[in-house]
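Next comes protein33.tsv, with TSV, N, CA and C atoms.
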```
chain	number	residue	atom	x	y	z
D	1	MET	N	12.54	-7.26	-12.33
D	1	MET	CA	12.62	-7.54	-10.90
D	1	MET	C	11.73	-6.57	-10.14
D	2	SER	N	10.90	-7.08	-9.28
D	2	SER	CA	10.03	-6.22	-8.47
D	2	SER	C	10.81	-5.63	-7.30
D	3	GLU	N	10.48	-4.41	-6.96
D	3	GLU	CA	11.13	-3.73	-5.84
D	3	GLU	C	10.23	-3.81	-4.61
D	4	LEU	N	10.84	-3.94	-3.44
D	4	LEU	CA	10.07	-3.99	-2.19
D	4	LEU	C	9.43	-2.64	-1.89
D	5	LEU	N	8.26	-2.70	-1.28
D	5	LEU	CA	7.64	-1.48	-0.77
D	5	LEU	C	7.95	-1.38	0.71
D	6	CYS	N	8.34	-0.20	1.15
D	6	CYS	CA	8.60	0.02	2.57
D	6	CYS	C	7.78	1.21	3.03
D	7	GLN	N	7.83	1.48	4.32
D	7	GLN	CA	7.01	2.54	4.89
D	7	GLN	C	7.30	3.90	4.27
D	8	SER	N	8.49	4.10	3.73
D	8	SER	CA	8.79	5.39	3.11
D	8	SER	C	8.38	5.47	1.64
D	9	ALA	N	7.79	4.38	1.10
D	9	ALA	CA	7.30	4.41	-0.29
D	9	ALA	C	6.15	5.40	-0.41
D	10	SER	N	6.03	5.98	-1.58
D	10	SER	CA	4.94	6.92	-1.84
D	10	SER	C	3.84	6.19	-2.61
D	11	ILE	N	2.66	6.10	-1.98
D	11	ILE	CA	1.51	5.39	-2.57
D	11	ILE	C	0.32	6.33	-2.56
D	12	LEU	N	-0.37	6.41	-3.70
D	12	LEU	CA	-1.52	7.31	-3.87
D	12	LEU	C	-2.75	6.54	-4.32
D	13	CYS	N	-3.93	7.08	-4.02
D	13	CYS	CA	-5.14	6.55	-4.62
D	13	CYS	C	-5.21	7.14	-6.04
D	14	PRO	N	-6.08	6.61	-6.91
D	14	PRO	CA	-6.12	7.12	-8.29
D	14	PRO	C	-6.60	8.56	-8.41
D	15	HIS	N	-7.07	9.15	-7.31
D	15	HIS	CA	-7.59	10.52	-7.33
D	15	HIS	C	-6.64	11.50	-6.64
D	16	GLY	N	-5.47	11.01	-6.20
D	16	GLY	CA	-4.47	11.87	-5.60
D	16	GLY	C	-4.37	11.85	-4.10
D	17	GLY	N	-5.21	11.05	-3.42
D	17	GLY	CA	-5.10	10.93	-1.96
D	17	GLY	C	-3.85	10.18	-1.58
D	18	LEU	N	-3.23	10.54	-0.47
D	18	LEU	CA	-1.98	9.94	-0.02
D	18	LEU	C	-2.25	8.81	0.96
D	19	ALA	N	-1.64	7.66	0.69
D	19	ALA	CA	-1.80	6.50	1.57
D	19	ALA	C	-0.69	6.48	2.61
D	20	SER	N	-1.05	6.02	3.81
D	20	SER	CA	-0.04	5.81	4.84
D	20	SER	C	-0.26	4.41	5.40
D	21	ALA	N	0.83	3.78	5.78
D	21	ALA	CA	0.77	2.40	6.26
D	21	ALA	C	1.13	2.33	7.73
D	22	THR	N	0.49	1.39	8.42
D	22	THR	CA	0.86	1.05	9.78
D	22	THR	C	1.47	-0.35	9.70
D	23	PRO	N	2.81	-0.43	9.63
D	23	PRO	CA	3.45	-1.73	9.43
D	23	PRO	C	3.45	-2.59	10.68
D	24	VAL	N	3.15	-3.88	10.48
D	24	VAL	CA	3.23	-4.87	11.56
D	24	VAL	C	4.69	-5.26	11.76
D	25	ASN	N	5.41	-5.41	10.65
D	25	ASN	CA	6.81	-5.82	10.65
D	25	ASN	C	7.70	-4.66	11.10
D	26	GLN	N	8.56	-4.93	12.08
D	26	GLN	CA	9.56	-3.93	12.48
D	26	GLN	C	10.97	-4.50	12.40
D	27	MET	N	11.10	-5.77	11.96
D	27	MET	CA	12.42	-6.42	11.93
D	27	MET	C	13.09	-6.33	10.57
D	28	VAL	N	12.34	-6.56	9.51
D	28	VAL	CA	12.94	-6.55	8.17
D	28	VAL	C	12.76	-5.16	7.60
D	29	LYS	N	13.89	-4.54	7.24
D	29	LYS	CA	13.85	-3.15	6.78
D	29	LYS	C	14.58	-2.99	5.47
D	30	THR	N	14.22	-1.94	4.75
D	30	THR	CA	14.94	-1.54	3.56
D	30	THR	C	15.27	-0.07	3.73
D	31	THR	N	16.54	0.26	3.63
D	31	THR	CA	17.07	1.61	3.87
D	31	THR	C	16.45	2.27	5.11
D	32	GLY	N	16.35	1.49	6.19
D	32	GLY	CA	15.88	2.03	7.47
D	32	GLY	C	14.38	2.04	7.69
D	33	SER	N	13.58	1.67	6.70
D	33	SER	CA	12.12	1.67	6.84
D	33	SER	C	11.59	0.24	6.80
D	34	PRO	N	10.58	-0.08	7.62
D	34	PRO	CA	10.02	-1.43	7.61
D	34	PRO	C	9.46	-1.81	6.23
D	35	VAL	N	9.72	-3.07	5.84
D	35	VAL	CA	9.13	-3.61	4.61
D	35	VAL	C	7.63	-3.78	4.85
D	36	LEU	N	6.82	-3.35	3.89
D	36	LEU	CA	5.37	-3.42	4.03
D	36	LEU	C	4.86	-4.81	3.65
D	37	LEU	N	3.84	-5.27	4.37
D	37	LEU	CA	3.25	-6.59	4.16
D	37	LEU	C	1.80	-6.48	3.75
D	38	ASP	N	1.27	-7.56	3.16
D	38	ASP	CA	-0.13	-7.59	2.77
D	38	ASP	C	-1.06	-7.48	3.97
D	39	SER	N	-0.55	-7.80	5.17
D	39	SER	CA	-1.36	-7.74	6.39
D	39	SER	C	-1.37	-6.37	7.06
D	40	ASP	N	-0.59	-5.41	6.56
D	40	ASP	CA	-0.55	-4.06	7.13
D	40	ASP	C	-1.85	-3.30	6.83
D	41	VAL	N	-2.13	-2.31	7.67
D	41	VAL	CA	-3.30	-1.45	7.46
D	41	VAL	C	-2.86	-0.21	6.68
D	42	PHE	N	-3.56	0.07	5.58
D	42	PHE	CA	-3.28	1.23	4.74
D	42	PHE	C	-4.48	2.15	4.75
D	43	THR	N	-4.28	3.40	5.18
D	43	THR	CA	-5.35	4.39	5.15
D	43	THR	C	-5.00	5.46	4.13
D	44	VAL	N	-6.05	6.06	3.56
D	44	VAL	CA	-5.87	7.10	2.55
D	44	VAL	C	-6.46	8.40	3.10
D	45	ALA	N	-5.73	9.49	2.93
D	45	ALA	CA	-6.19	10.81	3.35
D	45	ALA	C	-6.12	11.77	2.16
D	46	GLY	N	-7.06	12.66	2.09
D	46	GLY	CA	-7.02	13.71	1.08
D	46	GLY	C	-7.58	13.34	-0.28
D	47	CYS	N	-8.33	12.26	-0.38
D	47	CYS	CA	-8.93	11.89	-1.66
D	47	CYS	C	-10.11	12.82	-1.94
D	48	PRO	N	-10.11	13.52	-3.07
D	48	PRO	CA	-11.16	14.49	-3.36
D	48	PRO	C	-12.35	13.94	-4.15
D	49	LEU	N	-12.43	12.62	-4.35
D	49	LEU	CA	-13.48	12.06	-5.22
D	49	LEU	C	-14.87	12.44	-4.73
D	50	ASN	N	-15.67	12.91	-5.68
D	50	ASN	CA	-17.04	13.34	-5.43
D	50	ASN	C	-17.89	12.73	-6.54
D	51	ILE	N	-18.92	11.98	-6.17
D	51	ILE	CA	-19.79	11.34	-7.17
D	51	ILE	C	-21.18	11.96	-7.07
D	52	SER	N	-21.58	12.65	-8.12
D	52	SER	CA	-22.90	13.29	-8.20
D	52	SER	C	-23.18	14.18	-6.99
D	53	GLY	N	-22.18	14.96	-6.59
D	53	GLY	CA	-22.35	15.90	-5.48
D	53	GLY	C	-22.15	15.30	-4.10
D	54	LYS	N	-21.89	13.99	-4.02
D	54	LYS	CA	-21.69	13.34	-2.72
D	54	LYS	C	-20.23	12.93	-2.58
D	55	PRO	N	-19.55	13.37	-1.51
D	55	PRO	CA	-18.17	12.95	-1.30
D	55	PRO	C	-18.08	11.42	-1.21
D	56	SER	N	-17.11	10.86	-1.91
D	56	SER	CA	-16.88	9.42	-1.90
D	56	SER	C	-15.37	9.16	-1.91
D	57	PRO	N	-14.67	9.62	-0.88
D	57	PRO	CA	-13.21	9.51	-0.88
D	57	PRO	C	-12.73	8.08	-0.68
D	58	CYS	N	-11.57	7.80	-1.25
D	58	CYS	CA	-10.89	6.55	-0.93
D	58	CYS	C	-10.40	6.67	0.51
D	59	VAL	N	-10.60	5.61	1.31
D	59	VAL	CA	-10.19	5.66	2.71
D	59	VAL	C	-9.25	4.53	3.11
D	60	ARG	N	-9.19	3.47	2.28
D	60	ARG	CA	-8.29	2.37	2.62
D	60	ARG	C	-7.85	1.65	1.35
D	61	ILE	N	-6.76	0.89	1.48
D	61	ILE	CA	-6.25	0.09	0.37
D	61	ILE	C	-6.14	-1.35	0.84
D	62	GLN	N	-6.59	-2.26	0.00
D	62	GLN	CA	-6.44	-3.69	0.24
D	62	GLN	C	-5.55	-4.24	-0.87
D	63	TRP	N	-4.55	-5.03	-0.51
D	63	TRP	CA	-3.53	-5.47	-1.46
D	63	TRP	C	-3.70	-6.91	-1.90
D	64	GLN	N	-3.37	-7.16	-3.16
D	64	GLN	CA	-3.27	-8.50	-3.72
D	64	GLN	C	-1.79	-8.71	-4.00
D	65	VAL	N	-1.21	-9.77	-3.48
D	65	VAL	CA	0.21	-10.03	-3.64
D	65	VAL	C	0.39	-11.17	-4.62
D	66	PRO	N	1.32	-11.04	-5.57
D	66	PRO	CA	1.57	-12.15	-6.50
D	66	PRO	C	1.89	-13.44	-5.76
D	67	ALA	N	1.41	-14.56	-6.29
D	67	ALA	CA	1.59	-15.86	-5.64
D	67	ALA	C	3.06	-16.21	-5.42
D	68	ALA	N	3.95	-15.67	-6.24
D	68	ALA	CA	5.37	-15.99	-6.12
D	68	ALA	C	6.05	-15.29	-4.94
D	69	ALA	N	5.39	-14.33	-4.33
D	69	ALA	CA	6.01	-13.60	-3.21
D	69	ALA	C	6.23	-14.53	-2.03
D	70	ALA	N	7.41	-14.48	-1.45
D	70	ALA	CA	7.74	-15.32	-0.29
D	70	ALA	C	7.04	-14.80	0.95
D	71	LYS	N	6.72	-15.71	1.86
D	71	LYS	CA	6.13	-15.30	3.13
D	71	LYS	C	7.22	-14.66	3.98
D	72	LEU	N	6.88	-13.58	4.66
D	72	LEU	CA	7.86	-12.83	5.45
D	72	LEU	C	7.23	-12.47	6.79
D	73	ILE	N	7.69	-13.07	7.84
D	73	ILE	CA	7.22	-12.78	9.20
D	73	ILE	C	5.70	-12.92	9.29
D	74	GLN	N	4.92	-11.82	9.39
D	74	GLN	CA	3.47	-11.90	9.57
D	74	GLN	C	2.68	-11.71	8.28
D	75	GLY	N	3.27	-11.92	7.13
D	75	GLY	CA	2.55	-11.76	5.88
D	75	GLY	C	3.50	-11.81	4.69
D	76	LYS	N	2.96	-11.55	3.52
D	76	LYS	CA	3.77	-11.51	2.31
D	76	LYS	C	4.22	-10.08	2.06
D	77	PRO	N	5.47	-9.90	1.62
D	77	PRO	CA	5.95	-8.55	1.35
D	77	PRO	C	5.27	-7.95	0.12
D	78	LEU	N	5.00	-6.66	0.19
D	78	LEU	CA	4.46	-5.95	-0.97
D	78	LEU	C	5.61	-5.53	-1.86
D	79	THR	N	5.39	-5.63	-3.17
D	79	THR	CA	6.41	-5.23	-4.13
D	79	THR	C	5.77	-4.29	-5.14
D	80	SER	N	6.60	-3.79	-6.03
D	80	SER	CA	6.09	-2.88	-7.07
D	80	SER	C	5.13	-3.58	-8.01
D	81	SER	N	5.05	-4.91	-7.99
D	81	SER	CA	4.09	-5.62	-8.83
D	81	SER	C	2.83	-6.03	-8.08
D	82	SER	N	2.71	-5.66	-6.79
D	82	SER	CA	1.49	-5.92	-6.03
D	82	SER	C	0.38	-4.99	-6.50
D	83	LEU	N	-0.85	-5.46	-6.45
D	83	LEU	CA	-2.00	-4.66	-6.86
D	83	LEU	C	-2.78	-4.24	-5.62
D	84	GLY	N	-2.95	-2.93	-5.44
D	84	GLY	CA	-3.73	-2.41	-4.34
D	84	GLY	C	-5.02	-1.82	-4.85
D	85	LEU	N	-6.14	-2.22	-4.26
D	85	LEU	CA	-7.44	-1.65	-4.62
D	85	LEU	C	-7.87	-0.67	-3.55
D	86	CYS	N	-8.31	0.51	-3.99
D	86	CYS	CA	-8.75	1.56	-3.08
D	86	CYS	C	-10.26	1.45	-2.88
D	87	TYR	N	-10.71	1.64	-1.63
D	87	TYR	CA	-12.11	1.51	-1.28
D	87	TYR	C	-12.63	2.77	-0.59
D	88	ASN	N	-13.90	3.06	-0.79
D	88	ASN	CA	-14.55	4.19	-0.11
D	88	ASN	C	-15.09	3.72	1.24
D	89	PRO	N	-15.69	4.62	2.04
D	89	PRO	CA	-16.18	4.22	3.37
D	89	PRO	C	-17.26	3.13	3.33
D	90	GLU	N	-18.01	3.04	2.23
D	90	GLU	CA	-19.06	2.02	2.11
D	90	GLU	C	-18.51	0.67	1.62
D	91	GLY	N	-17.21	0.61	1.30
D	91	GLY	CA	-16.59	-0.63	0.86
D	91	GLY	C	-16.61	-0.85	-0.64
D	92	ALA	N	-16.95	0.18	-1.41
D	92	ALA	CA	-16.96	0.05	-2.87
D	92	ALA	C	-15.55	0.31	-3.43
D	93	PRO	N	-15.07	-0.56	-4.32
D	93	PRO	CA	-13.77	-0.32	-4.93
D	93	PRO	C	-13.82	0.88	-5.86
D	94	GLN	N	-12.73	1.69	-5.85
D	94	GLN	CA	-12.72	2.93	-6.64
D	94	GLN	C	-11.49	3.07	-7.52
D	95	GLY	N	-10.77	1.99	-7.73
D	95	GLY	CA	-9.60	2.03	-8.60
D	95	GLY	C	-8.36	1.47	-7.94
D	96	SER	N	-7.31	1.39	-8.72
D	96	SER	CA	-6.04	0.82	-8.26
D	96	SER	C	-5.14	1.88	-7.63
D	97	ALA	N	-4.43	1.45	-6.60
D	97	ALA	CA	-3.43	2.32	-5.97
D	97	ALA	C	-2.29	2.58	-6.93
D	98	ILE	N	-1.68	3.74	-6.79
D	98	ILE	CA	-0.54	4.12	-7.62
D	98	ILE	C	0.71	4.10	-6.75
D	99	ILE	N	1.66	3.27	-7.12
D	99	ILE	CA	2.93	3.20	-6.39
D	99	ILE	C	3.87	4.19	-7.07
D	100	ALA	N	4.08	5.33	-6.41
D	100	ALA	CA	4.86	6.41	-7.01
D	100	ALA	C	6.36	6.26	-6.79
D	101	SER	N	6.78	5.64	-5.67
D	101	SER	CA	8.20	5.42	-5.43
D	101	SER	C	8.38	4.19	-4.54
D	102	THR	N	9.51	3.50	-4.71
D	102	THR	CA	9.82	2.28	-3.96
D	102	THR	C	11.26	2.31	-3.50
D	103	GLN	N	11.67	1.26	-2.80
D	103	GLN	CA	13.06	1.06	-2.40
D	103	GLN	C	13.57	-0.19	-3.10
D	104	ILE	N	14.87	-0.25	-3.35
D	104	ILE	CA	15.43	-1.38	-4.09
D	104	ILE	C	16.13	-2.38	-3.16
D	105	PHE	N	16.83	-1.94	-2.15
D	105	PHE	CA	17.64	-2.82	-1.33
D	105	PHE	C	16.94	-3.15	-0.03
D	106	ALA	N	17.10	-4.40	0.45
D	106	ALA	CA	16.49	-4.84	1.70
D	106	ALA	C	17.58	-5.36	2.62
D	107	SER	N	17.33	-5.23	3.94
D	107	SER	CA	18.24	-5.79	4.91
D	107	SER	C	17.43	-6.30	6.08
D	108	ALA	N	17.95	-7.26	6.79
D	108	ALA	CA	17.27	-7.81	7.96
D	108	ALA	C	18.20	-7.69	9.14
D	109	ARG	N	17.60	-7.51	10.32
D	109	ARG	CA	18.44	-7.47	11.51
D	109	ARG	C	17.97	-8.49	12.52
```

Could you rewrite the structure in this file as structure tokens?
Amino acid sequence: MSELLCQSASILCPHGGLASATPVNQMVKTTGSPVLLDSDVFTVAGCPLNISGKPSPCVRIQWQVPAAAAKLIQGKPLTSSSLGLCYNPEGAPQGSAIIASTQIFASAR
């Protein structure tokens, strides 16, 4: 069973940069935090990647959601089985996001 990702989930780029989300959804929550959607904006800070002496940090994550995920408000919910690709400022993919922690229970108000 896949677990929902919420704003309090810990997500990293493959080089250790920390991702933060700006959730569109504020109605559906899990343990008090908004459930994250494929339409949310994810930025990465602190990525130390350097290629041949030139900084090339991951700066954003774009998510692929499994087709079975139900539509939720303004997008599909992200789960522990969603695949996030990290991109540098030039738009080059630099690896998959690492979902370090998730939430299990969801509630709606």

Between D:Leu5, D:Gly53, D:Cys47, D:Pro23, single out the one closest to D:Gly84, counting only C-alpha atoms.
-> D:Leu5

Two-atom distance - atom N of D:Ser56, atom C of D:Ser10 (Å) |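 One can read the atom N of D:Ser56 to atom C of D:Ser10 distance as 21.5 Å.
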
If DSSP is run on the backbone, what residues of stretch 38-93 of chain D are strand (DSSP E or B)? A reply as a PDB file with N, CA and C atoms, keeping the file's coordinate frame would be ideal.
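part_28.pdb, written as the output of this step:
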```pdb
ATOM      1  N   VAL D  41      -2.130  -2.310   7.670  1.00  0.00           N
ATOM      2  CA  VAL D  41      -3.300  -1.450   7.460  1.00  0.00           C
ATOM      3  C   VAL D  41      -2.860  -0.210   6.680  1.00  0.00           C
ATOM      4  N   PHE D  42      -3.560   0.070   5.580  1.00  0.00           N
ATOM      5  CA  PHE D  42      -3.280   1.230   4.740  1.00  0.00           C
ATOM      6  C   PHE D  42      -4.480   2.150   4.750  1.00  0.00           C
ATOM      7  N   THR D  43      -4.280   3.400   5.180  1.00  0.00           N
ATOM      8  CA  THR D  43      -5.350   4.390   5.150  1.00  0.00           C
ATOM      9  C   THR D  43      -5.000   5.460   4.130  1.00  0.00           C
ATOM     10  N   VAL D  44      -6.050   6.060   3.560  1.00  0.00           N
ATOM     11  CA  VAL D  44      -5.870   7.100   2.550  1.00  0.00           C
ATOM     12  C   VAL D  44      -6.460   8.400   3.100  1.00  0.00           C
ATOM     13  N   ALA D  45      -5.730   9.490   2.930  1.00  0.00           N
ATOM     14  CA  ALA D  45      -6.190  10.810   3.350  1.00  0.00           C
ATOM     15  C   ALA D  45      -6.120  11.770   2.160  1.00  0.00           C
ATOM     16  N   ASN D  50     -15.670  12.910  -5.680  1.00  0.00           N
ATOM     17  CA  ASN D  50     -17.040  13.340  -5.430  1.00  0.00           C
ATOM     18  C   ASN D  50     -17.890  12.730  -6.540  1.00  0.00           C
ATOM     19  N   ILE D  51     -18.920  11.980  -6.170  1.00  0.00           N
ATOM     20  CA  ILE D  51     -19.790  11.340  -7.170  1.00  0.00           C
ATOM     21  C   ILE D  51     -21.180  11.960  -7.070  1.00  0.00           C
ATOM     22  N   LYS D  54     -21.890  13.990  -4.020  1.00  0.00           N
ATOM     23  CA  LYS D  54     -21.690  13.340  -2.720  1.00  0.00           C
ATOM     24  C   LYS D  54     -20.230  12.930  -2.580  1.00  0.00           C
ATOM     25  N   PRO D  55     -19.550  13.370  -1.510  1.00  0.00           N
ATOM     26  CA  PRO D  55     -18.170  12.950  -1.300  1.00  0.00           C
ATOM     27  C   PRO D  55     -18.080  11.420  -1.210  1.00  0.00           C
ATOM     28  N   ARG D  60      -9.190   3.470   2.280  1.00  0.00           N
ATOM     29  CA  ARG D  60      -8.290   2.370   2.620  1.00  0.00           C
ATOM     30  C   ARG D  60      -7.850   1.650   1.350  1.00  0.00           C
ATOM     31  N   ILE D  61      -6.760   0.890   1.480  1.00  0.00           N
ATOM     32  CA  ILE D  61      -6.250   0.090   0.370  1.00  0.00           C
ATOM     33  C   ILE D  61      -6.140  -1.350   0.840  1.00  0.00           C
ATOM     34  N   GLN D  62      -6.590  -2.260   0.000  1.00  0.00           N
ATOM     35  CA  GLN D  62      -6.440  -3.690   0.240  1.00  0.00           C
ATOM     36  C   GLN D  62      -5.550  -4.240  -0.870  1.00  0.00           C
ATOM     37  N   TRP D  63      -4.550  -5.030  -0.510  1.00  0.00           N
ATOM     38  CA  TRP D  63      -3.530  -5.470  -1.460  1.00  0.00           C
ATOM     39  C   TRP D  63      -3.700  -6.910  -1.900  1.00  0.00           C
ATOM     40  N   GLN D  64      -3.370  -7.160  -3.160  1.00  0.00           N
ATOM     41  CA  GLN D  64      -3.270  -8.500  -3.720  1.00  0.00           C
ATOM     42  C   GLN D  64      -1.790  -8.710  -4.000  1.00  0.00           C
ATOM     43  N   LEU D  72       6.880 -13.580   4.660  1.00  0.00           N
ATOM     44  CA  LEU D  72       7.860 -12.830   5.450  1.00  0.00           C
ATOM     45  C   LEU D  72       7.230 -12.470   6.790  1.00  0.00           C
ATOM     46  N   GLY D  75       3.270 -11.920   7.130  1.00  0.00           N
ATOM     47  CA  GLY D  75       2.550 -11.760   5.880  1.00  0.00           C
ATOM     48  C   GLY D  75       3.500 -11.810   4.690  1.00  0.00           C
ATOM     49  N   PRO D  77       5.470  -9.900   1.620  1.00  0.00           N
ATOM     50  CA  PRO D  77       5.950  -8.550   1.350  1.00  0.00           C
ATOM     51  C   PRO D  77       5.270  -7.950   0.120  1.00  0.00           C
ATOM     52  N   THR D  79       5.390  -5.630  -3.170  1.00  0.00           N
ATOM     53  CA  THR D  79       6.410  -5.230  -4.130  1.00  0.00           C
ATOM     54  C   THR D  79       5.770  -4.290  -5.140  1.00  0.00           C
ATOM     55  N   LEU D  83      -0.850  -5.460  -6.450  1.00  0.00           N
ATOM     56  CA  LEU D  83      -2.000  -4.660  -6.860  1.00  0.00           C
ATOM     57  C   LEU D  83      -2.780  -4.240  -5.620  1.00  0.00           C
ATOM     58  N   GLY D  84      -2.950  -2.930  -5.440  1.00  0.00           N
ATOM     59  CA  GLY D  84      -3.730  -2.410  -4.340  1.00  0.00           C
ATOM     60  C   GLY D  84      -5.020  -1.820  -4.850  1.00  0.00           C
ATOM     61  N   LEU D  85      -6.140  -2.220  -4.260  1.00  0.00           N
ATOM     62  CA  LEU D  85      -7.440  -1.650  -4.620  1.00  0.00           C
ATOM     63  C   LEU D  85      -7.870  -0.670  -3.550  1.00  0.00           C
ATOM     64  N   CYS D  86      -8.310   0.510  -3.990  1.00  0.00           N
ATOM     65  CA  CYS D  86      -8.750   1.560  -3.080  1.00  0.00           C
ATOM     66  C   CYS D  86     -10.260   1.450  -2.880  1.00  0.00           C
ATOM     67  N   TYR D  87     -10.710   1.640  -1.630  1.00  0.00           N
ATOM     68  CA  TYR D  87     -12.110   1.510  -1.280  1.00  0.00           C
ATOM     69  C   TYR D  87     -12.630   2.770  -0.590  1.00  0.00           C
ATOM     70  N   PRO D  93     -15.070  -0.560  -4.320  1.00  0.00           N
ATOM     71  CA  PRO D  93     -13.770  -0.320  -4.930  1.00  0.00           C
ATOM     72  C   PRO D  93     -13.820   0.880  -5.860  1.00  0.00           C
TER      73      PRO D  93
END
```

For D:Arg60, which of D:Ile98, D:Val35, D:Leu18, D:Cys86 is the closest residue, counting only C-alpha atoms?
->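 Of D:Ile98, D:Val35, D:Leu18, D:Cys86, the one nearest D:Arg60 is D:Cys86, counting only C-alpha atoms.
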
Need the neighbours of (-9.3, 7.8, 1.5): which residues are at most 8 Å away, counting all atoms listed in the file, as a list of chain:residue names?
->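 Applying the cut-off with all atoms listed in the file, one gets D:Cys13, D:Gly17, D:Leu18, D:Ala19, D:Thr43, D:Val44, D:Ala45, D:Gly46, D:Cys47, D:Pro48, D:Ser56, D:Pro57, D:Cys58, D:Val59, D:Arg60, D:Ile61, D:Cys86, D:Tyr87, D:Asn88, D:Pro89.
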
In Å, rounded to a single decimal, give me how far atom N of D:Gln62 is from atom CA of D:Leu49.
->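 So the two atoms, atom CA of D:Leu49 and atom N of D:Gln62, lie 16.7 Å apart.
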
Taking into account all atoms listed in the file, which residue in the set D:Ile99, D:Leu36, D:Ala92, D:Met27 is nearest to D:Gln7?
-> D:Leu36

Nearest candidate to D:Pro14 (options D:Ser81, D:Gln64, D:Thr102, D:Ser96; using all atoms listed in the file) =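 Looking at the shortest contact to D:Pro14, the residue is D:Ser96.
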
Work out how far apart atom C of D:Asn25 and atom N of D:Gln74 are and give it in Å to one decimal.
->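 Distance between the two atoms: 7.9 Å.
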
Counting all atoms listed in the file, which of D:Leu37, D:Thr30, D:Val65, D:Gly95 gets nearest to D:Leu83?
->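 Smallest distance to D:Leu83 is found for D:Val65.
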
Might you pull out every residue within 7 Å of D:Asp40, with all atoms listed in the file counted and same-chain residues fewer than 6 positions away left off, and present them as an MDAnalysis selection string?
-> chainID D and resid 21:24

Pick from D:Ser39, D:Gln26, D:Ser2, D:Ser8: nearest to D:Ser101, with only C-alpha atoms counted?
->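 Using only C-alpha atoms, D:Ser101 sits closest to D:Ser8.
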
Limit the output to C-alpha atoms and give stretch 34-47 of chain D as a PDB file, in the first residue's frame.
```
ATOM      1  CA  PRO D  34      -1.845  19.288   3.372  1.00  0.00           C
ATOM      2  CA  VAL D  35      -1.677  16.258   1.066  1.00  0.00           C
ATOM      3  CA  LEU D  36       0.784  16.996  -1.750  1.00  0.00           C
ATOM      4  CA  LEU D  37      -0.386  16.928  -5.374  1.00  0.00           C
ATOM      5  CA  ASP D  38       1.349  16.479  -8.722  1.00  0.00           C
ATOM      6  CA  SER D  39       0.413  20.114  -9.476  1.00  0.00           C
ATOM      7  CA  ASP D  40       2.309  21.538  -6.455  1.00  0.00           C
ATOM      8  CA  VAL D  41       5.577  23.439  -6.876  1.00  0.00           C
ATOM      9  CA  PHE D  42       8.632  21.701  -5.373  1.00  0.00           C
ATOM     10  CA  THR D  43      11.886  23.609  -4.926  1.00  0.00           C
ATOM     11  CA  VAL D  44      15.216  22.167  -3.814  1.00  0.00           C
ATOM     12  CA  ALA D  45      17.740  24.010  -1.634  1.00  0.00           C
ATOM     13  CA  GLY D  46      21.234  23.017  -0.615  1.00  0.00           C
ATOM     14  CA  CYS D  47      22.119  20.647  -3.454  1.00  0.00           C
TER      15      CYS D  47
END
```
